[in-house]
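Chemist: What follows is a single structure, and I will ask about it in a moment.
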2 protein chains.
Amino acid sequence: MKIALAQINVIIGDFEGNFQKHVHYINRTIREGADMIVFPELSITGYPPRDFLEFKDFVIRANETVERLKEFSREIAIIVGTPTVNPVIEGKDLFNSAVFLYEGKEIFRQHKTLLPTYDIFDEARYFEPASSWKIIEFKGKKLALSICEDLWNLGNENPLYTINPLDQLMASGPDLIINLSASPFDYEHAKERIKVLKANVKAYGLPIVYVNHTGAQTDLVFDGGSLVMTPEGNLYRELPFFEEAFEIIDIERMDQVNRERPKEKIPLIHQALVTGIKDYFGKIGLKSAILGLSGGIDSAVVAVLAVESLGKENVHALLMPSRYSSPSSVSDAVELAENLGISYDIISIDKPFEAIEHELDRYFPTDGITEENIQPRIRMIYLMAYSNKKGYILLNTSNKSELAVGYGTLYGDLAGGLSVLGDVYKTEVYELAEYINSQKEIIPRSIITKPPSAELRPDQKDTDTLPPYETLDNILRLYIEKRLGPQEIIARGFDEYLVRRVLKMVNRNEFKRYQTAPVIRVSPKAFGMGRRMPIVGKYLE
Amino acid sequence: MKIALAQINVIIGDFEGNFQKHVHYINRTIREGADMIVFPELSITGYPPRDFLEFKDFVIRANETVERLKEFSREIAIIVGTPTVNPVIEGKDLFNSAVFLYEGKEIFRQHKTLLPTYDIFDEARYFEPASSWKIIEFKGKKLALSICEDLWNLGNENPLYTINPLDQLMASGPDLIINLSASPFDYEHAKERIKVLKANVKAYGLPIVYVNHTGAQTDLVFDGGSLVMTPEGNLYRELPFFEEAFEIIDIERMDQVNRERPKEKIPLIHQALVTGIKDYFGKIGLKSAILGLSGGIDSAVVAVLAVESLGKENVHALLMPSRYSSPSSVSDAVELAENLGISYDIISIDKPFEAIEHELDRYFPTDGITEENIQPRIRMIYLMAYSNKKGYILLNTSNKSELAVGYGTLYGDLAGGLSVLGDVYKTEVYELAEYINSQKEIIPRSIITKPPSAELRPDQKDTDTLPPYETLDNILRLYIEKRLGPQEIIARGFDEYLVRRVLKMVNRNEFKRYQTAPVIRVSPKAFGMGRRMPIVGKYLE
């Protein structure tokens, strides 16, 4: 049996566009002579549709789209993902379903059983879990349909669910497991995915066809990497990362086993960020970005990523020096802009800064933190004026270390439509810069080697306020990613006073993160929808 | 049997403070001779603790706090709410539990069965549902313990759950239902709560003691209103709204049935907003607010609410006229500030506005939307300078109608630490103003009668861009609260073009709402954690 894997990039709620995309790959499947095509989870709506699922109209339109696809199933079987209505009054109103179309009709639907409700996932908010499981027979093969998380309760030390839906299906003796997925990227995910599929093959002794989304949905990036595993647990195919892909495999002839694709952290993060920027702009329908180039490493890396995503003609930089900027800040930023071939304007903030200080001086001296915060806010006004005037989207350049401890000005340098580096620690920003420069020096060396500074007062250095980033990032990783408490972190050899101070900074600055742009998620625990914290509280404060 | 209801206001994660508060009411219970005290759901941690529940350290500290309370249970029974650890490896790691302490020991714990996972609730994210149910016998009475949502599957047309935990307990013949709650306010909630308890009394024929939280947790306000219902379904007691309360009832002598407290929408919203402001400041530990007074109705109402919450000495206003401000804007705002007795400064934005325009004019003319957005952003800089310098928190004054359609400037008038009116439609803001003025004219009449205007260009009116607020709010309510689709709204008699335009505006402005302050929730569907929408998508766009 020949099965087509359609690793697609859809737009959430774009029913017409998503319909056309399904038809395109269905026609290709027919043309190339396969028996069946498999799309990802919720392929019709896009993932995650979030609270649009609470609109009957939205679900009706999804189901109408499936209805329109039926006529394309006269020659081949089509498996799509869509929300379907739960006919029982008790329980949630929807299921997350895989719908099997063939001979112009819906033949079967299997609902998802394990509904991820953690991190960025909210599926128990919308869906009732499956309570019955059946095999679908097609051309002499018994297929076990499953959806994403349905496979993920194996291979964990601490399983999140008390049942495994495939256990229910085994009695019927399936020949093949098919999995429709919407499994967002983090830098460990591609490895994890293979591990989990191997655990399933080991448990059930069956081949698996796994089809994932690709492309970004605001903060979430789907890396594709759809998989076919042999019954022996070998990787028969791994589709490309971060791009649409289509491949037909013959399930009876999985002889030439493929090599795994490389999965190094920094190159993966790099590609994820480029995908995140590209799809954010592309799916909104805007082409161009604006950003402030400070001469520092964060904005330099964002500029490079923006050029890779949007093209150099679509990236515009503002250099906005102040009385506290060092001369090299401007010259470094100019050198970078010229290396990239992007347009840039230089606009001083001094005059508005003086005008604002002059007005406020009647009431109080604008010194200290007050003065420091005025400067990035004037820069925001310039950047947003470009955005308003020219339809550019402002890219935010704050990194995860800064966001974590609140080292940034709300409505100032924390502004922007999309946070590119908000899930990348400062030490990882350096790694990205080195990776970018590994072929050719795009980012001037002095940007990488200078000590980090916000340049908001004379001779300011980040280390005046923060511990060295190596230390800070290690503490943050234990607290944010590993969710360790203060005692556990101290026990790993960090200074007690420092640990308590850092954790307090993280918790006290929740109010800033609440108001910052969506962050492209590249780690297993990013700020945003996946990390939900009280703003007002006293834990570790 | 005499039972004390402890309707408390706790701080999330403030284990020491919350311990002391428990002890205070336990001692009062002992002193006043009751047999038992009942605290609300998750009384030890505060509600909602959100992802702090993913920190082992947080859960350990909660359980240590319960441990410390044991010794206070030598004479009376104490029922507290706390997360407890699920000893089974499969499934979520925690339960949401009611723990029964007596004679210095933990006697019993009942876990919550129905885990709300909709709107602002995320309980399936953290908790495993109960799978066993038992009666606890105490002084000859059989008690059925339940937690909040456990009662809420009755009295609905569309029940969210497939089981009712109390059905499981009925076989053991309980005498009394006790419910620990954390049920946040909306303007329909107090009525709804009584309806649901009556449905339970009707189904089970038992009296109910229901204890709720009071006070605000950032965006969520808990209104208290703890209840005791007789087995006949009469309201024996309804504790006060929006304040801590303690009352001992004798479950055998519920003769003098009380009257229900009034539940009018606007007075309830008024009290909820005052509570929201007061606790936001009080729990952070700051005293004073700053806000911009424009001479318009929104900022006028926020100023009044702030004075009621914080005291007039703790509210400071800025009047920030521009070349486009009408003379009456300043005089109206001055009159309001003087009526309220709050301090105010008048600072023109013209000079910085000119300085910024002058710098930008080298690149493009700052006209149209660009010019309009610069003005509120300069005002934000002033307001945040006061905030930084003096430790004031900026109160946001945008209303729900504006937030819905994106009629506001990101990083400008959408700035602020807390959105006071973000869940109050413009037409309701007028109702609040009339309610405030019903005793005495605090808000000058001309503020109420003038046509709404942002005053960002000559002779601007809101109706230049938006439909009249009566129409707009009706469409918004159908889309946001009722989650109707465009066809359904048009079928109710609204103009098709207008409906499609409004819905598109709502969906396209998700990016602005994503970056605005937490909104005090007063309706059944507020912007914020309770309404989770894709930012990039094409549904109704």
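Residues in the structure tokens are numbered from 1 in each chain, the chains being A, B, ... in the order shown, and ligands are numbered from 1 in the order shown.
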Skipping near chain neighbours, those fewer than 6 positions away, what residues fall within 9 Å of A:Asp459 using only C-alpha atoms, listed as a ChimeraX atom specification?
Modeler: /A:324,326,453
Chemist: Mind checking DSSP for stretch 273-354 of chain B and telling me the strand (DSSP E) residues as a ChimeraX atom specification?
Modeler: /B:289-292,315-319,343-346
Chemist: Kindly indicate which residue among A:Val522, A:Leu273, A:Leu472, A:Ala62 lies nearest to chain B, using only C-alpha atoms for the distances.
Modeler: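 The closest residue to chain B is A:Ala62.
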Chemist: Given a cut-off of 7 Å, which residues of chain A touch chain B, counting only C-alpha atoms, written out as a ChimeraX atom specification?
Modeler: /A:11-14,49-52,54-55,57,89-92,117-118,124-125,158-162,217-218,280,283-284,347,351-352,355-356,359,369-370,374,377,381,385,388-389,411,483-485,514-517,531-539
Chemist: So that I can check the surroundings of stretch 448-452 of chain B, please list as a list in words every protein, DNA and RNA residue that reaches within 8 Å of it, counting only C-alpha atoms and ignoring chain neighbours fewer than 2 positions away.
Modeler: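 The residues satisfying every condition are Gly296, Ile297, Tyr430, Ala433, Ile443, Pro444, Arg445, Ser446, Ala454, Lys461, Asp462 and Thr463 of chain B.
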Chemist: Could you dump the residues just selected with C-alpha atoms as a JSON list (two decimals), in the first residue's frame?
Modeler:
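Wrote again37.json, looks like this:
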```json
[["chain", "number", "residue", "atom", "x", "y", "z"],
["B", 296, "GLY", "CA", -13.45, 62.04, 28.79],
["B", 297, "ILE", "CA", -15.76, 59.67, 30.59],
["B", 430, "TYR", "CA", -22.00, 55.57, 31.07],
["B", 433, "ALA", "CA", -20.96, 57.19, 35.65],
["B", 443, "ILE", "CA", -18.34, 63.58, 37.50],
["B", 444, "PRO", "CA", -19.14, 66.89, 35.81],
["B", 445, "ARG", "CA", -22.23, 66.56, 33.63],
["B", 446, "SER", "CA", -20.40, 67.85, 30.55],
["B", 454, "ALA", "CA", -9.83, 60.80, 21.26],
["B", 461, "LYS", "CA", -15.23, 62.04, 17.08],
["B", 462, "ASP", "CA", -15.26, 58.31, 17.89],
["B", 463, "THR", "CA", -18.19, 57.99, 15.49]]
```
Chemist: Could you pull out the residues in stretch 183-390 of chain A that DSSP calls helix (DSSP H, G or I) from the backbone, as a JSON list (two decimals) with C-alpha atoms, in the first residue's frame?
Modeler:
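File written: result26.json
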```json
[["chain", "number", "residue", "atom", "x", "y", "z"],
["A", 189, "HIS", "CA", 11.69, 17.88, 20.11],
["A", 190, "ALA", "CA", 12.94, 16.17, 16.94],
["A", 191, "LYS", "CA", 15.04, 13.76, 19.01],
["A", 192, "GLU", "CA", 12.21, 13.23, 21.47],
["A", 193, "ARG", "CA", 9.79, 12.41, 18.68],
["A", 194, "ILE", "CA", 11.96, 9.58, 17.38],
["A", 195, "LYS", "CA", 12.40, 8.23, 20.88],
["A", 196, "VAL", "CA", 8.65, 8.19, 21.44],
["A", 197, "LEU", "CA", 7.89, 6.51, 18.13],
["A", 198, "LYS", "CA", 10.52, 3.87, 18.87],
["A", 199, "ALA", "CA", 8.87, 3.21, 22.23],
["A", 200, "ASN", "CA", 5.58, 2.65, 20.40],
["A", 201, "VAL", "CA", 7.11, 0.35, 17.81],
["A", 202, "LYS", "CA", 8.75, -1.57, 20.63],
["A", 203, "ALA", "CA", 5.45, -1.88, 22.51],
["A", 204, "TYR", "CA", 3.26, -2.77, 19.55],
["A", 265, "LYS", "CA", 20.57, 22.74, 18.82],
["A", 266, "ILE", "CA", 21.82, 26.05, 17.45],
["A", 267, "PRO", "CA", 21.19, 25.34, 13.74],
["A", 268, "LEU", "CA", 17.68, 24.13, 14.65],
["A", 269, "ILE", "CA", 16.97, 27.25, 16.69],
["A", 270, "HIS", "CA", 18.27, 29.35, 13.83],
["A", 271, "GLN", "CA", 15.91, 27.72, 11.34],
["A", 272, "ALA", "CA", 12.99, 27.87, 13.74],
["A", 273, "LEU", "CA", 13.44, 31.61, 14.25],
["A", 274, "VAL", "CA", 13.67, 32.24, 10.51],
["A", 275, "THR", "CA", 10.47, 30.22, 10.01],
["A", 276, "GLY", "CA", 8.79, 32.08, 12.86],
["A", 277, "ILE", "CA", 9.53, 35.49, 11.37],
["A", 278, "LYS", "CA", 8.72, 34.47, 7.81],
["A", 279, "ASP", "CA", 5.31, 33.00, 8.62],
["A", 280, "TYR", "CA", 4.34, 35.75, 11.05],
["A", 281, "PHE", "CA", 4.72, 38.29, 8.27],
["A", 282, "GLY", "CA", 3.52, 36.08, 5.46],
["A", 283, "LYS", "CA", 0.35, 34.94, 7.20],
["A", 284, "ILE", "CA", -0.56, 38.48, 8.29],
["A", 297, "ILE", "CA", 24.48, 41.64, 19.83],
["A", 298, "ASP", "CA", 20.72, 41.03, 20.27],
["A", 299, "SER", "CA", 19.58, 43.49, 17.62],
["A", 300, "ALA", "CA", 22.42, 42.35, 15.35],
["A", 301, "VAL", "CA", 21.27, 38.73, 15.47],
["A", 302, "VAL", "CA", 17.63, 39.76, 14.94],
["A", 303, "ALA", "CA", 18.63, 41.83, 11.91],
["A", 304, "VAL", "CA", 20.42, 38.86, 10.36],
["A", 305, "LEU", "CA", 17.47, 36.54, 11.01],
["A", 306, "ALA", "CA", 15.04, 39.11, 9.59],
["A", 307, "VAL", "CA", 17.07, 39.41, 6.40],
["A", 308, "GLU", "CA", 17.13, 35.64, 6.02],
["A", 309, "SER", "CA", 13.36, 35.50, 6.55],
["A", 310, "LEU", "CA", 12.15, 38.51, 4.61],
["A", 312, "LYS", "CA", 17.27, 42.45, 2.69],
["A", 313, "GLU", "CA", 14.95, 44.80, 0.78],
["A", 314, "ASN", "CA", 12.27, 44.21, 3.41],
["A", 327, "PRO", "CA", 30.67, 56.25, 19.12],
["A", 328, "SER", "CA", 31.32, 52.61, 18.26],
["A", 329, "SER", "CA", 27.63, 51.76, 18.75],
["A", 330, "VAL", "CA", 26.68, 53.72, 15.68],
["A", 331, "SER", "CA", 29.69, 52.65, 13.62],
["A", 332, "ASP", "CA", 29.18, 48.97, 14.52],
["A", 333, "ALA", "CA", 25.49, 49.16, 13.63],
["A", 334, "VAL", "CA", 26.29, 50.90, 10.34],
["A", 335, "GLU", "CA", 28.85, 48.24, 9.49],
["A", 336, "LEU", "CA", 26.30, 45.49, 10.21],
["A", 337, "ALA", "CA", 23.60, 47.21, 8.13],
["A", 338, "GLU", "CA", 26.04, 47.56, 5.26],
["A", 339, "ASN", "CA", 27.15, 43.94, 5.55],
["A", 340, "LEU", "CA", 23.49, 42.96, 5.31],
["A", 350, "ASP", "CA", 18.40, 63.87, 22.15],
["A", 351, "LYS", "CA", 15.96, 66.65, 21.20],
["A", 352, "PRO", "CA", 12.75, 64.89, 22.25],
["A", 353, "PHE", "CA", 14.61, 63.58, 25.31],
["A", 354, "GLU", "CA", 15.48, 67.16, 26.28],
["A", 355, "ALA", "CA", 11.94, 68.38, 25.55],
["A", 356, "ILE", "CA", 10.44, 65.69, 27.78],
["A", 357, "GLU", "CA", 12.98, 66.25, 30.54],
["A", 358, "HIS", "CA", 12.32, 69.98, 30.32],
["A", 359, "GLU", "CA", 8.58, 69.50, 30.83],
["A", 360, "LEU", "CA", 9.02, 67.01, 33.67],
["A", 361, "ASP", "CA", 11.77, 68.98, 35.41],
["A", 368, "GLY", "CA", 18.08, 57.42, 37.70],
["A", 369, "ILE", "CA", 15.70, 54.76, 36.43],
["A", 370, "THR", "CA", 13.26, 57.41, 35.28],
["A", 371, "GLU", "CA", 15.79, 58.90, 32.91],
["A", 372, "GLU", "CA", 16.91, 55.46, 31.76],
["A", 373, "ASN", "CA", 13.37, 54.46, 30.82],
["A", 374, "ILE", "CA", 12.53, 57.62, 28.88],
["A", 375, "GLN", "CA", 15.18, 56.86, 26.26],
["A", 376, "PRO", "CA", 13.96, 53.48, 24.99],
["A", 377, "ARG", "CA", 10.40, 54.85, 25.04],
["A", 378, "ILE", "CA", 11.34, 57.65, 22.65],
["A", 379, "ARG", "CA", 13.01, 55.06, 20.45],
["A", 380, "MET", "CA", 9.76, 53.08, 20.51],
["A", 381, "ILE", "CA", 7.90, 56.18, 19.29],
["A", 382, "TYR", "CA", 10.25, 56.50, 16.32],
["A", 383, "LEU", "CA", 10.03, 52.81, 15.49],
["A", 384, "MET", "CA", 6.24, 52.73, 15.77],
["A", 385, "ALA", "CA", 5.98, 55.87, 13.64],
["A", 386, "TYR", "CA", 7.79, 53.98, 10.89],
["A", 387, "SER", "CA", 5.51, 51.03, 11.52],
["A", 388, "ASN", "CA", 2.35, 53.18, 11.30],
["A", 389, "LYS", "CA", 3.53, 55.17, 8.31],
["A", 390, "LYS", "CA", 4.95, 52.38, 6.20]]
```
Chemist: Quick one: residues within 10 Å of A:Thr113, only C-alpha atoms counted, chain neighbours fewer than 2 positions away excluded, as number ranges by chain?
Modeler: A: 95-97, 110-111, 115-116, 127-133, 146-151, 161, 163-166
Chemist: Which residues, written as a PyMOL selection string, have at least one atom at most 10 Å from A:Lys141, with only C-alpha atoms counted and residues fewer than 5 positions away on the same chain left out?
Modeler: chain A and resi 1+135-136+174-176
Chemist: So which residues touch B:Ile30 within 12 Å, counting only C-alpha atoms, skipping near sequence neighbours fewer than 2 positions away, as a PDB file with N, CA and C atoms, in the first residue's frame?
Modeler:
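part.pdb was written with the following content:
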```pdb
ATOM      1  N   LYS B   2     -22.199  23.128  65.004  1.00  0.00           N
ATOM      2  CA  LYS B   2     -21.920  24.517  64.639  1.00  0.00           C
ATOM      3  C   LYS B   2     -20.717  24.593  63.697  1.00  0.00           C
ATOM      4  N   ILE B   3     -20.952  25.212  62.580  1.00  0.00           N
ATOM      5  CA  ILE B   3     -19.912  25.280  61.545  1.00  0.00           C
ATOM      6  C   ILE B   3     -19.560  26.733  61.269  1.00  0.00           C
ATOM      7  N   ALA B   4     -18.268  27.022  61.260  1.00  0.00           N
ATOM      8  CA  ALA B   4     -17.808  28.377  60.935  1.00  0.00           C
ATOM      9  C   ALA B   4     -17.443  28.450  59.460  1.00  0.00           C
ATOM     10  N   VAL B  23      -4.972  30.646  61.015  1.00  0.00           N
ATOM     11  CA  VAL B  23      -4.889  30.527  62.473  1.00  0.00           C
ATOM     12  C   VAL B  23      -5.829  31.535  63.147  1.00  0.00           C
ATOM     13  N   HIS B  24      -5.849  32.747  62.598  1.00  0.00           N
ATOM     14  CA  HIS B  24      -6.713  33.790  63.153  1.00  0.00           C
ATOM     15  C   HIS B  24      -8.174  33.328  63.215  1.00  0.00           C
ATOM     16  N   TYR B  25      -8.663  32.789  62.120  1.00  0.00           N
ATOM     17  CA  TYR B  25     -10.071  32.383  62.092  1.00  0.00           C
ATOM     18  C   TYR B  25     -10.304  31.068  62.830  1.00  0.00           C
ATOM     19  N   ILE B  26      -9.287  30.215  62.865  1.00  0.00           N
ATOM     20  CA  ILE B  26      -9.411  28.979  63.660  1.00  0.00           C
ATOM     21  C   ILE B  26      -9.550  29.343  65.140  1.00  0.00           C
ATOM     22  N   ASN B  27      -8.715  30.259  65.589  1.00  0.00           N
ATOM     23  CA  ASN B  27      -8.794  30.663  67.005  1.00  0.00           C
ATOM     24  C   ASN B  27     -10.146  31.284  67.328  1.00  0.00           C
ATOM     25  N   ARG B  28     -10.654  32.052  66.390  1.00  0.00           N
ATOM     26  CA  ARG B  28     -11.967  32.657  66.608  1.00  0.00           C
ATOM     27  C   ARG B  28     -13.056  31.575  66.683  1.00  0.00           C
ATOM     28  N   GLU B  32     -15.357  31.017  69.877  1.00  0.00           N
ATOM     29  CA  GLU B  32     -16.804  31.195  69.785  1.00  0.00           C
ATOM     30  C   GLU B  32     -17.563  29.874  69.841  1.00  0.00           C
ATOM     31  N   GLY B  33     -16.836  28.796  70.072  1.00  0.00           N
ATOM     32  CA  GLY B  33     -17.488  27.529  70.397  1.00  0.00           C
ATOM     33  C   GLY B  33     -18.125  26.765  69.256  1.00  0.00           C
ATOM     34  N   ALA B  34     -17.583  26.879  68.061  1.00  0.00           N
ATOM     35  CA  ALA B  34     -18.104  26.049  66.971  1.00  0.00           C
ATOM     36  C   ALA B  34     -17.339  24.726  66.912  1.00  0.00           C
ATOM     37  N   ASP B  35     -17.860  23.800  66.122  1.00  0.00           N
ATOM     38  CA  ASP B  35     -17.252  22.464  66.043  1.00  0.00           C
ATOM     39  C   ASP B  35     -16.268  22.337  64.886  1.00  0.00           C
ATOM     40  N   MET B  36     -16.440  23.191  63.929  1.00  0.00           N
ATOM     41  CA  MET B  36     -15.695  22.985  62.690  1.00  0.00           C
ATOM     42  C   MET B  36     -15.557  24.318  61.953  1.00  0.00           C
ATOM     43  N   ILE B  37     -14.460  24.462  61.224  1.00  0.00           N
ATOM     44  CA  ILE B  37     -14.319  25.649  60.360  1.00  0.00           C
ATOM     45  C   ILE B  37     -14.034  25.190  58.935  1.00  0.00           C
ATOM     46  N   PHE B  72      -3.634  22.917  65.503  1.00  0.00           N
ATOM     47  CA  PHE B  72      -4.760  23.788  65.855  1.00  0.00           C
ATOM     48  C   PHE B  72      -6.098  23.048  65.776  1.00  0.00           C
ATOM     49  N   SER B  73      -6.011  21.769  65.379  1.00  0.00           N
ATOM     50  CA  SER B  73      -7.250  21.004  65.190  1.00  0.00           C
ATOM     51  C   SER B  73      -7.527  20.068  66.364  1.00  0.00           C
ATOM     52  N   ARG B  74      -6.903  20.317  67.506  1.00  0.00           N
ATOM     53  CA  ARG B  74      -7.113  19.398  68.645  1.00  0.00           C
ATOM     54  C   ARG B  74      -8.555  19.473  69.149  1.00  0.00           C
ATOM     55  N   GLU B  75      -9.128  20.680  69.092  1.00  0.00           N
ATOM     56  CA  GLU B  75     -10.491  20.827  69.638  1.00  0.00           C
ATOM     57  C   GLU B  75     -11.567  20.890  68.570  1.00  0.00           C
ATOM     58  N   ILE B  76     -11.201  21.395  67.412  1.00  0.00           N
ATOM     59  CA  ILE B  76     -12.208  21.543  66.357  1.00  0.00           C
ATOM     60  C   ILE B  76     -11.711  20.904  65.066  1.00  0.00           C
ATOM     61  N   ALA B  77     -12.655  20.642  64.189  1.00  0.00           N
ATOM     62  CA  ALA B  77     -12.283  20.160  62.855  1.00  0.00           C
ATOM     63  C   ALA B  77     -11.994  21.361  61.960  1.00  0.00           C
ATOM     64  N   ILE B  78     -10.989  21.185  61.101  1.00  0.00           N
ATOM     65  CA  ILE B  78     -10.596  22.246  60.173  1.00  0.00           C
ATOM     66  C   ILE B  78     -10.596  21.650  58.766  1.00  0.00           C
ATOM     67  N   ILE B 248     -20.710  31.808  62.110  1.00  0.00           N
ATOM     68  CA  ILE B 248     -20.956  30.454  62.614  1.00  0.00           C
ATOM     69  C   ILE B 248     -22.436  30.166  62.463  1.00  0.00           C
TER      70      ILE B 248
END
```
Chemist: For A:Phe222, find every residue with an atom within 7 Å (counting only C-alpha atoms), except residues of its own chain fewer than 6 positions away, and show them as a list in words.
Modeler: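 In the requested format, the answer is Ser183, Pro184, Phe185, His213, Thr214, Gly215, Ala216 and Phe242 of chain A.
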Chemist: Could you work out how far atom CA of A:Gly391 lies from atom CA of A:Leu291, giving the answer in Å with one decimal?
Modeler: 12.9 Å
Chemist: Choose the residue, out of B:Val519, B:Ile393, B:Ile120, B:Val405, that has the smallest atom-to-atom separation from B:Pro467; count only C-alpha atoms.
Modeler: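 Smallest distance to B:Pro467 is found for B:Val405.
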Chemist: Provide the atom CA of B:Glu188 to atom CA of B:Pro262 distance in Å, to one decimal place.
Modeler: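 Atom CA of B:Pro262 lies 12.0 Å from atom CA of B:Glu188.
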